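Structure file start30.txt (compact mmCIF, C-alpha atoms) follows.
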```txt
# COMPACT_ATOMS: atom_id res chain seq x y z
CA MET A 1 -24.19 -1.75 150.36
CA ALA A 2 -22.64 -5.15 149.61
CA GLY A 3 -25.98 -6.42 148.29
CA THR A 4 -26.36 -3.39 146.04
CA GLN A 5 -22.85 -3.82 144.69
CA ALA A 6 -23.49 -7.48 143.93
CA LEU A 7 -26.70 -6.57 142.11
CA GLU A 8 -24.93 -3.91 140.08
CA ARG A 9 -22.18 -6.37 139.11
CA GLY A 10 -24.75 -8.96 138.10
CA LEU A 11 -26.60 -6.48 135.91
CA ALA A 12 -23.34 -5.29 134.37
CA VAL A 13 -22.38 -8.87 133.48
CA LEU A 14 -25.83 -9.53 132.00
CA GLY A 15 -25.55 -6.38 129.94
CA THR A 16 -22.13 -7.40 128.65
CA VAL A 17 -23.32 -10.86 127.64
CA ALA A 18 -26.51 -9.50 126.06
CA ALA A 19 -24.50 -7.03 123.96
CA ALA A 20 -22.13 -9.69 122.63
CA PRO A 21 -22.85 -11.10 119.14
CA SER A 22 -22.12 -14.62 120.38
CA SER A 23 -21.07 -16.41 123.56
CA VAL A 24 -18.36 -14.77 125.68
CA SER A 25 -15.77 -16.11 128.10
CA ILE A 26 -15.31 -15.08 131.70
CA ALA A 27 -11.98 -13.52 130.74
CA GLU A 28 -13.73 -11.38 128.12
CA ILE A 29 -16.39 -10.32 130.61
CA ALA A 30 -13.75 -9.39 133.18
CA ALA A 31 -11.82 -7.37 130.62
CA ALA A 32 -14.93 -5.55 129.38
CA LEU A 33 -15.97 -4.58 132.91
CA ASP A 34 -12.47 -4.03 134.30
CA MET A 35 -13.02 -6.48 137.15
CA PRO A 36 -10.91 -9.40 138.42
CA GLU A 37 -11.58 -12.70 136.70
CA SER A 38 -12.30 -14.28 140.07
CA THR A 39 -15.07 -11.75 140.65
CA ALA A 40 -16.47 -12.25 137.17
CA TYR A 41 -16.41 -16.02 137.74
CA ARG A 42 -18.43 -15.74 140.97
CA VAL A 43 -21.00 -13.44 139.36
CA VAL A 44 -21.36 -15.70 136.33
CA GLN A 45 -21.86 -18.77 138.55
CA ALA A 46 -24.59 -16.99 140.51
CA LEU A 47 -26.36 -15.93 137.31
CA LYS A 48 -26.11 -19.46 135.91
CA ARG A 49 -27.73 -20.86 139.07
CA CYS A 50 -30.64 -18.46 138.51
CA GLY A 51 -30.97 -19.48 134.86
CA LEU A 52 -30.04 -16.00 133.66
CA LEU A 53 -26.90 -17.30 131.93
CA SER A 54 -26.18 -20.62 130.25
CA ARG A 55 -22.89 -22.38 129.62
CA VAL A 56 -21.65 -22.72 126.04
CA GLY A 57 -18.79 -25.11 125.34
CA ARG A 58 -15.94 -25.26 127.85
CA SER A 59 -15.69 -21.60 128.84
CA GLY A 60 -18.38 -19.54 127.12
CA VAL A 61 -21.66 -18.22 128.45
CA ARG A 62 -24.74 -16.72 126.84
CA MET A 63 -28.15 -15.50 127.93
CA GLY A 64 -30.11 -18.16 129.78
CA PRO A 65 -33.73 -19.35 129.56
CA ALA A 66 -34.86 -17.26 132.52
CA VAL A 67 -34.12 -14.09 130.52
CA PHE A 68 -36.52 -15.13 127.79
CA ALA A 69 -39.18 -16.02 130.35
CA LEU A 70 -38.79 -12.54 131.82
CA ALA A 71 -39.02 -10.98 128.35
CA ARG A 72 -42.22 -12.91 127.56
CA SER A 73 -43.72 -11.77 130.86
CA ALA A 74 -42.80 -8.17 130.09
CA GLN A 75 -44.36 -8.49 126.64
CA ARG A 76 -47.63 -9.77 128.13
CA GLN A 77 -47.70 -6.96 130.66
CA VAL A 78 -47.03 -4.27 128.07
CA ALA A 79 -49.63 -5.83 125.75
CA ASP A 80 -52.11 -5.31 128.57
CA ASP A 81 -50.92 -1.72 128.98
CA ILE A 82 -51.02 -0.75 125.30
CA PRO A 83 -54.78 0.02 125.21
CA MET A 84 -54.53 2.09 128.39
CA ILE A 85 -51.65 4.12 126.94
CA ALA A 86 -53.18 4.50 123.48
CA LEU A 87 -56.78 5.30 124.44
CA PRO A 88 -56.38 9.04 125.22
CA PHE A 89 -54.65 9.59 121.88
CA MET A 90 -57.28 7.54 120.07
CA LYS A 91 -60.01 9.71 121.58
CA GLU A 92 -58.18 12.85 120.45
CA LEU A 93 -57.81 11.33 116.98
CA VAL A 94 -61.56 10.67 116.77
CA GLU A 95 -62.34 14.20 117.97
CA ALA A 96 -60.00 15.66 115.35
CA THR A 97 -61.11 13.54 112.40
CA GLY A 98 -64.62 12.32 113.19
CA GLU A 99 -63.60 8.81 112.14
CA THR A 100 -63.28 5.55 114.05
CA ALA A 101 -59.94 4.71 115.69
CA ILE A 102 -58.86 1.07 116.00
CA LEU A 103 -55.99 -0.53 117.94
CA THR A 104 -54.80 -4.05 117.11
CA VAL A 105 -52.01 -6.30 118.40
CA PRO A 106 -50.42 -9.21 116.52
CA TYR A 107 -51.46 -12.69 117.60
CA GLY A 108 -50.02 -15.52 115.53
CA LEU A 109 -50.95 -14.94 111.90
CA ASP A 110 -53.69 -12.50 112.88
CA VAL A 111 -54.30 -9.31 114.80
CA VAL A 112 -56.77 -8.84 117.64
CA CYS A 113 -58.61 -5.58 118.18
CA VAL A 114 -57.90 -4.56 121.77
CA GLU A 115 -59.46 -1.09 121.70
CA THR A 116 -61.74 0.96 119.48
CA VAL A 117 -63.29 4.42 119.62
CA GLU A 118 -66.15 4.87 117.19
CA GLY A 119 -66.63 8.05 115.22
CA PRO A 120 -69.48 10.37 116.25
CA GLN A 121 -71.07 10.70 112.80
CA PRO A 122 -74.27 8.75 112.02
CA LEU A 123 -72.47 6.94 109.23
CA HIS A 124 -69.22 5.56 110.65
CA VAL A 125 -67.12 2.41 110.64
CA SER A 126 -67.84 -0.02 113.48
CA PHE A 127 -65.26 -2.51 114.65
CA ALA A 128 -65.82 -4.69 117.70
CA LYS A 129 -63.21 -5.24 120.39
CA LEU A 130 -61.68 -8.73 120.31
CA SER A 131 -62.38 -9.00 116.58
CA VAL A 132 -59.74 -11.11 114.85
CA THR A 133 -58.53 -10.27 111.34
CA PRO A 134 -55.60 -11.62 109.29
CA LEU A 135 -52.26 -9.81 109.31
CA TYR A 136 -52.35 -9.54 105.52
CA ALA A 137 -55.48 -7.37 105.43
CA GLY A 138 -56.10 -3.71 106.13
CA SER A 139 -54.11 -1.67 108.58
CA ALA A 140 -52.66 -4.83 110.17
CA VAL A 141 -50.06 -4.66 107.37
CA ALA A 142 -48.61 -1.64 109.20
CA ALA A 143 -47.49 -4.07 111.91
CA LEU A 144 -46.66 -6.94 109.54
CA ALA A 145 -44.09 -4.79 107.73
CA HIS A 146 -42.01 -4.61 110.91
CA LEU A 147 -42.42 -8.15 112.25
CA ASP A 148 -40.08 -11.13 111.93
CA VAL A 149 -39.40 -11.93 108.27
CA ARG A 150 -40.24 -15.59 108.88
CA LEU A 151 -43.65 -14.63 110.25
CA ALA A 152 -44.21 -12.38 107.23
CA ALA A 153 -43.50 -15.34 104.96
CA LEU A 154 -46.01 -17.50 106.85
CA VAL A 155 -48.62 -14.75 106.62
CA ALA A 156 -48.03 -14.42 102.87
CA ALA A 157 -48.41 -18.17 102.47
CA SER A 158 -51.66 -18.16 104.48
CA ALA A 159 -53.03 -15.43 102.18
CA ARG A 160 -52.81 -17.52 99.02
CA GLY A 161 -56.25 -18.17 97.61
CA GLN A 162 -57.90 -15.73 100.02
CA SER A 163 -59.98 -12.67 99.17
CA TYR A 164 -60.46 -9.27 100.76
CA ALA A 165 -63.85 -8.17 102.07
CA ASP A 166 -64.65 -6.44 98.78
CA GLY A 167 -64.01 -9.63 96.82
CA ARG A 168 -60.59 -8.79 95.38
CA PRO A 169 -58.09 -11.65 95.56
CA VAL A 170 -55.15 -11.26 97.93
CA THR A 171 -51.92 -11.23 95.92
CA GLY A 172 -48.33 -11.42 97.03
CA GLU A 173 -47.48 -8.40 94.88
CA HIS A 174 -50.10 -6.21 96.56
CA LEU A 175 -48.97 -7.35 100.01
CA ARG A 176 -45.33 -6.55 99.18
CA GLN A 177 -46.34 -3.12 97.90
CA GLN A 178 -48.31 -2.39 101.06
CA MET A 179 -45.42 -3.43 103.32
CA ALA A 180 -42.98 -1.38 101.26
CA ALA A 181 -45.25 1.65 101.63
CA VAL A 182 -45.19 1.26 105.41
CA ARG A 183 -41.41 1.11 105.50
CA GLU A 184 -40.97 4.05 103.15
CA HIS A 185 -43.70 6.39 104.33
CA GLY A 186 -44.59 5.15 107.83
CA PHE A 187 -48.22 4.37 107.06
CA VAL A 188 -50.46 2.23 104.89
CA VAL A 189 -53.78 3.04 103.22
CA SER A 190 -56.16 0.17 102.60
CA LYS A 191 -59.54 0.14 100.89
CA GLY A 192 -62.17 -2.56 101.18
CA GLU A 193 -59.82 -5.14 102.67
CA VAL A 194 -61.44 -5.76 106.07
CA ASP A 195 -64.71 -3.86 105.52
CA ALA A 196 -65.89 -3.70 101.92
CA HIS A 197 -67.15 -0.15 102.41
CA ALA A 198 -64.30 1.29 104.50
CA THR A 199 -60.96 2.93 103.80
CA SER A 200 -58.35 3.12 106.56
CA VAL A 201 -54.98 4.61 107.39
CA GLY A 202 -52.76 2.50 109.66
CA VAL A 203 -49.43 3.05 111.38
CA PRO A 204 -47.14 0.73 113.36
CA LEU A 205 -46.57 1.34 117.07
CA PHE A 206 -43.18 0.72 118.65
CA GLU A 207 -41.87 0.21 122.19
CA GLY A 208 -38.54 1.36 123.55
CA THR A 209 -36.26 -1.09 121.74
CA GLY A 210 -37.84 -0.28 118.39
CA ARG A 211 -39.89 -3.46 118.28
CA CYS A 212 -43.33 -3.17 116.69
CA VAL A 213 -46.00 -4.18 119.22
CA ALA A 214 -49.25 -2.99 117.64
CA ALA A 215 -50.95 -1.09 114.84
CA MET A 216 -53.32 1.84 115.15
CA SER A 217 -55.65 3.05 112.44
CA ALA A 218 -58.49 5.39 111.61
CA ALA A 219 -61.20 4.05 109.33
CA ALA A 220 -63.77 6.03 107.35
CA PRO A 221 -66.63 5.08 105.06
CA THR A 222 -65.11 5.00 101.58
CA GLU A 223 -67.62 7.54 100.31
CA ARG A 224 -65.98 10.11 102.63
CA ALA A 225 -62.43 9.13 101.66
CA THR A 226 -61.70 11.99 99.26
CA ASP A 227 -58.10 12.95 98.49
CA ASP A 228 -58.23 15.94 100.84
CA ALA A 229 -59.89 13.94 103.60
CA MET A 230 -57.34 11.15 103.31
CA ALA A 231 -54.40 13.56 103.38
CA ALA A 232 -55.74 15.06 106.62
CA LEU A 233 -56.42 11.59 108.04
CA VAL A 234 -52.87 10.45 107.27
CA ARG A 235 -51.41 13.44 109.09
CA ALA A 236 -53.64 12.94 112.12
CA VAL A 237 -53.01 9.18 112.37
CA MET A 238 -49.24 9.58 112.05
CA THR A 239 -49.21 12.29 114.72
CA ALA A 240 -51.22 10.10 117.09
CA GLY A 241 -49.08 7.05 116.30
CA ASP A 242 -45.85 8.91 117.03
CA ALA A 243 -47.25 10.10 120.36
CA ILE A 244 -48.35 6.60 121.36
CA SER A 245 -44.99 5.08 120.42
CA GLN A 246 -43.22 7.75 122.46
CA CYS A 247 -45.35 6.93 125.49
CA LEU A 248 -44.76 3.19 125.01
CA ALA A 249 -41.01 3.81 124.85
CA GLU A 250 -41.09 5.82 128.06
CA HIS A 251 -43.38 3.30 129.78
CA VAL A 252 -41.18 0.20 129.45
CA SER A 253 -38.85 -1.58 127.07
CA LEU A 254 -39.75 -5.18 126.32
CA GLY A 255 -36.53 -6.81 127.48
CA PRO A 256 -33.84 -7.68 124.88
CA ALA A 257 -34.23 -6.06 121.48
CA GLY A 258 -34.79 -9.45 119.91
CA THR A 259 -33.54 -12.97 119.42
CA GLY A 260 -31.38 -12.15 116.43
CA ALA A 261 -34.06 -13.09 113.91
CA PRO A 262 -34.24 -10.50 111.12
CA THR A 263 -37.46 -8.54 110.68
CA SER A 264 -39.11 -8.15 107.30
CA ALA A 265 -37.97 -4.51 107.36
CA ASP A 266 -34.37 -5.62 107.97
CA GLN A 267 -34.51 -7.99 105.02
CA GLU A 268 -35.85 -5.23 102.78
CA LYS A 269 -32.72 -3.16 103.53
CA GLN A 270 -30.33 -5.98 102.64
```

For the file at hand, write its structure as structure tokens.
Amino acid sequence: MAGTQALERGLAVLGTVAAAPSSVSIAEIAAALDMPESTAYRVVQALKRCGLLSRVGRSGVRMGPAVFALARSAQRQVADDIPMIALPFMKELVEATGETAILTVPYGLDVVCVETVEGPQPLHVSFAKLSVTPLYAGSAVAALAHLDVRLAALVAASARGQSYADGRPVTGEHLRQQMAAVREHGFVVSKGEVDAHATSVGVPLFEGTGRCVAAMSAAAPTERATDDAMAALVRAVMTAGDAISQCLAEHVSLGPAGTGAPTSADQEKQ
């Protein structure tokens, strides 16, 4: 029982420090948790020895380096789990639409395809697993719109002078419009950006803290992308995306909600 109580106190202190906008003192922790300062001091010292808290100034503490190591480990584990969680919904999406479903995760300035289910029709879009495409092209923009604003700026800079698969130049204005569409409507439609003859609908996927961890899309040959077909594809992709995000949220939350860096979506609201 004593060990359980100590663990509960430690987790409570970590939660209090994590929720604070800046460093907090032991007195503030004790007051927030209604515990004696001597108890709060002992818990804080134990957490500092484990690297879960770090000292700031003479009396403040903040989250320590071990927390970020744990968060990175959780992110890697969930990244491995995303295809497993998404695959059943991707198969249902393909059955419902007849078009290819693609799952990508951000990696640096690019996205990597970690799962794909090809459409059953003789003429369909093919996309190989482990393919790497830039974040500024195609349905990857669905993820880019919700990533760190500094990363979005780097991606935009890397796109200068580049062209899409159909030969059109990549422009900052088009990229901004695509990201704005994701934030406003929850999806993005791209034509000829990754495959010159394909049109796709992409949606962002979120884990429990609201952090975007992937993008999922359905891609069709452009000759089949009529207005009616695209409207149906949008509905199907958004339904599948919502279901995947719900499962990701229930599966695990990727540690702290973030490091305090604003996302590109946050900056858009300011």

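Computed from the coordinates, the atom CA of A:Cys50 to atom CA of A:Asp80 distance equals 27.1 Å.
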
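The smallest atom-to-atom distance between A:Ala231 and any of A:Ser245, A:Ser25, A:Thr16, A:Thr97, using all atoms listed in the file, is found for A:Thr97.
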
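Near A:Ala156, within 12 Å and counting only C-alpha atoms, sit Leu109, Asp110, Pro134, Leu135, Tyr136, Ala137, Val141, Leu144, Ala145, Val149, Arg150, Leu151, Ala152, Ala153, Leu154, Ser158, Ala159, Arg160, Gly161, Gln162, Val170, Thr171, Gly172, Glu173, His174, Leu175, Arg176, Met179 and Ser264 of chain A; same-chain residues fewer than 2 positions away were not included.
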
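Picture a line from atom CA of A:Gly51 to atom CA of A:Asp34; it runs 24.1 Å.
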
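Taking atom CA of A:Asp227 and atom CA of A:Arg183 as endpoints, the distance between them is 21.6 Å.
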
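Proximity to A:Ala18 at 10 Å, evaluated using all atoms listed in the file and with sequence-adjacent residues fewer than 4 positions away removed, yields Ala12, Val13, Leu14, Ser22, Ser23, Val24, Leu53, Arg62, Met63, Val67, Pro256 and Ala257 of chain A.
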
Starting from the sparse input, extend stretch 190-222 of chain A to N, CA and C atoms and give the output as a PDB file, in the coordinates of the input.
```
ATOM      1  N   SER A 190     -55.497   1.346 103.148  1.00  0.00           N
ATOM      2  CA  SER A 190     -56.160   0.170 102.600  1.00  0.00           C
ATOM      3  C   SER A 190     -57.630   0.478 102.346  1.00  0.00           C
ATOM      4  N   LYS A 191     -58.154  -0.116 101.296  1.00  0.00           N
ATOM      5  CA  LYS A 191     -59.540   0.140 100.890  1.00  0.00           C
ATOM      6  C   LYS A 191     -60.249  -1.182 100.665  1.00  0.00           C
ATOM      7  N   GLY A 192     -61.322  -1.397 101.402  1.00  0.00           N
ATOM      8  CA  GLY A 192     -62.170  -2.560 101.180  1.00  0.00           C
ATOM      9  C   GLY A 192     -61.564  -3.890 101.583  1.00  0.00           C
ATOM     10  N   GLU A 193     -60.493  -3.887 102.360  1.00  0.00           N
ATOM     11  CA  GLU A 193     -59.820  -5.140 102.670  1.00  0.00           C
ATOM     12  C   GLU A 193     -60.439  -5.877 103.853  1.00  0.00           C
ATOM     13  N   VAL A 194     -60.805  -5.152 104.900  1.00  0.00           N
ATOM     14  CA  VAL A 194     -61.440  -5.760 106.070  1.00  0.00           C
ATOM     15  C   VAL A 194     -62.942  -5.482 106.069  1.00  0.00           C
ATOM     16  N   ASP A 195     -63.317  -4.280 105.674  1.00  0.00           N
ATOM     17  CA  ASP A 195     -64.710  -3.860 105.520  1.00  0.00           C
ATOM     18  C   ASP A 195     -64.849  -3.388 104.082  1.00  0.00           C
ATOM     19  N   ALA A 196     -65.758  -3.999 103.347  1.00  0.00           N
ATOM     20  CA  ALA A 196     -65.890  -3.700 101.920  1.00  0.00           C
ATOM     21  C   ALA A 196     -66.191  -2.244 101.643  1.00  0.00           C
ATOM     22  N   HIS A 197     -66.723  -1.538 102.627  1.00  0.00           N
ATOM     23  CA  HIS A 197     -67.150  -0.150 102.410  1.00  0.00           C
ATOM     24  C   HIS A 197     -66.311   0.840 103.208  1.00  0.00           C
ATOM     25  N   ALA A 198     -65.136   0.421 103.668  1.00  0.00           N
ATOM     26  CA  ALA A 198     -64.300   1.290 104.500  1.00  0.00           C
ATOM     27  C   ALA A 198     -62.911   1.455 103.908  1.00  0.00           C
ATOM     28  N   THR A 199     -62.340   2.633 104.157  1.00  0.00           N
ATOM     29  CA  THR A 199     -60.960   2.930 103.800  1.00  0.00           C
ATOM     30  C   THR A 199     -60.244   3.353 105.086  1.00  0.00           C
ATOM     31  N   SER A 200     -59.047   2.837 105.305  1.00  0.00           N
ATOM     32  CA  SER A 200     -58.350   3.120 106.560  1.00  0.00           C
ATOM     33  C   SER A 200     -56.913   3.548 106.335  1.00  0.00           C
ATOM     34  N   VAL A 201     -56.392   4.238 107.340  1.00  0.00           N
ATOM     35  CA  VAL A 201     -54.980   4.610 107.390  1.00  0.00           C
ATOM     36  C   VAL A 201     -54.403   3.978 108.647  1.00  0.00           C
ATOM     37  N   GLY A 202     -53.347   3.187 108.507  1.00  0.00           N
ATOM     38  CA  GLY A 202     -52.760   2.500 109.660  1.00  0.00           C
ATOM     39  C   GLY A 202     -51.288   2.812 109.821  1.00  0.00           C
ATOM     40  N   VAL A 203     -50.844   2.828 111.069  1.00  0.00           N
ATOM     41  CA  VAL A 203     -49.430   3.050 111.380  1.00  0.00           C
ATOM     42  C   VAL A 203     -48.962   2.013 112.392  1.00  0.00           C
ATOM     43  N   PRO A 204     -47.686   1.637 112.346  1.00  0.00           N
ATOM     44  CA  PRO A 204     -47.140   0.730 113.360  1.00  0.00           C
ATOM     45  C   PRO A 204     -46.864   1.486 114.646  1.00  0.00           C
ATOM     46  N   LEU A 205     -46.917   0.774 115.765  1.00  0.00           N
ATOM     47  CA  LEU A 205     -46.570   1.340 117.070  1.00  0.00           C
ATOM     48  C   LEU A 205     -45.385   0.577 117.626  1.00  0.00           C
ATOM     49  N   PHE A 206     -44.426   1.315 118.199  1.00  0.00           N
ATOM     50  CA  PHE A 206     -43.180   0.720 118.650  1.00  0.00           C
ATOM     51  C   PHE A 206     -42.959   0.969 120.139  1.00  0.00           C
ATOM     52  N   GLU A 207     -42.293  -0.009 120.801  1.00  0.00           N
ATOM     53  CA  GLU A 207     -41.870   0.210 122.190  1.00  0.00           C
ATOM     54  C   GLU A 207     -40.412   0.645 122.192  1.00  0.00           C
ATOM     55  N   GLY A 208     -39.826   0.700 123.384  1.00  0.00           N
ATOM     56  CA  GLY A 208     -38.540   1.360 123.550  1.00  0.00           C
ATOM     57  C   GLY A 208     -37.376   0.790 122.775  1.00  0.00           C
ATOM     58  N   THR A 209     -37.372  -0.511 122.480  1.00  0.00           N
ATOM     59  CA  THR A 209     -36.260  -1.090 121.740  1.00  0.00           C
ATOM     60  C   THR A 209     -36.455  -0.998 120.231  1.00  0.00           C
ATOM     61  N   GLY A 210     -37.561  -0.383 119.812  1.00  0.00           N
ATOM     62  CA  GLY A 210     -37.840  -0.280 118.390  1.00  0.00           C
ATOM     63  C   GLY A 210     -38.644  -1.430 117.851  1.00  0.00           C
ATOM     64  N   ARG A 211     -39.098  -2.303 118.725  1.00  0.00           N
ATOM     65  CA  ARG A 211     -39.890  -3.460 118.280  1.00  0.00           C
ATOM     66  C   ARG A 211     -41.349  -3.052 118.091  1.00  0.00           C
ATOM     67  N   CYS A 212     -41.926  -3.473 116.971  1.00  0.00           N
ATOM     68  CA  CYS A 212     -43.330  -3.170 116.690  1.00  0.00           C
ATOM     69  C   CYS A 212     -44.218  -4.055 117.570  1.00  0.00           C
ATOM     70  N   VAL A 213     -45.146  -3.430 118.297  1.00  0.00           N
ATOM     71  CA  VAL A 213     -46.000  -4.180 119.220  1.00  0.00           C
ATOM     72  C   VAL A 213     -47.476  -4.075 118.864  1.00  0.00           C
ATOM     73  N   ALA A 214     -47.841  -3.184 117.951  1.00  0.00           N
ATOM     74  CA  ALA A 214     -49.250  -2.990 117.640  1.00  0.00           C
ATOM     75  C   ALA A 214     -49.390  -2.159 116.377  1.00  0.00           C
ATOM     76  N   ALA A 215     -50.630  -2.005 115.933  1.00  0.00           N
ATOM     77  CA  ALA A 215     -50.950  -1.090 114.840  1.00  0.00           C
ATOM     78  C   ALA A 215     -52.167  -0.286 115.246  1.00  0.00           C
ATOM     79  N   MET A 216     -52.187   0.974 114.859  1.00  0.00           N
ATOM     80  CA  MET A 216     -53.320   1.840 115.150  1.00  0.00           C
ATOM     81  C   MET A 216     -53.809   2.454 113.848  1.00  0.00           C
ATOM     82  N   SER A 217     -55.107   2.548 113.698  1.00  0.00           N
ATOM     83  CA  SER A 217     -55.650   3.050 112.440  1.00  0.00           C
ATOM     84  C   SER A 217     -56.874   3.909 112.681  1.00  0.00           C
ATOM     85  N   ALA A 218     -57.215   4.680 111.663  1.00  0.00           N
ATOM     86  CA  ALA A 218     -58.490   5.390 111.610  1.00  0.00           C
ATOM     87  C   ALA A 218     -59.179   4.931 110.344  1.00  0.00           C
ATOM     88  N   ALA A 219     -60.452   4.593 110.466  1.00  0.00           N
ATOM     89  CA  ALA A 219     -61.200   4.050 109.330  1.00  0.00           C
ATOM     90  C   ALA A 219     -62.417   4.918 109.049  1.00  0.00           C
ATOM     91  N   ALA A 220     -62.653   5.187 107.768  1.00  0.00           N
ATOM     92  CA  ALA A 220     -63.770   6.030 107.350  1.00  0.00           C
ATOM     93  C   ALA A 220     -64.584   5.300 106.277  1.00  0.00           C
ATOM     94  N   PRO A 221     -65.871   5.594 106.195  1.00  0.00           N
ATOM     95  CA  PRO A 221     -66.630   5.080 105.060  1.00  0.00           C
ATOM     96  C   PRO A 221     -65.974   5.553 103.760  1.00  0.00           C
ATOM     97  N   THR A 222     -65.832   4.671 102.803  1.00  0.00           N
ATOM     98  CA  THR A 222     -65.110   5.000 101.580  1.00  0.00           C
ATOM     99  C   THR A 222     -65.717   6.194 100.854  1.00  0.00           C
TER     100      THR A 222
END
```
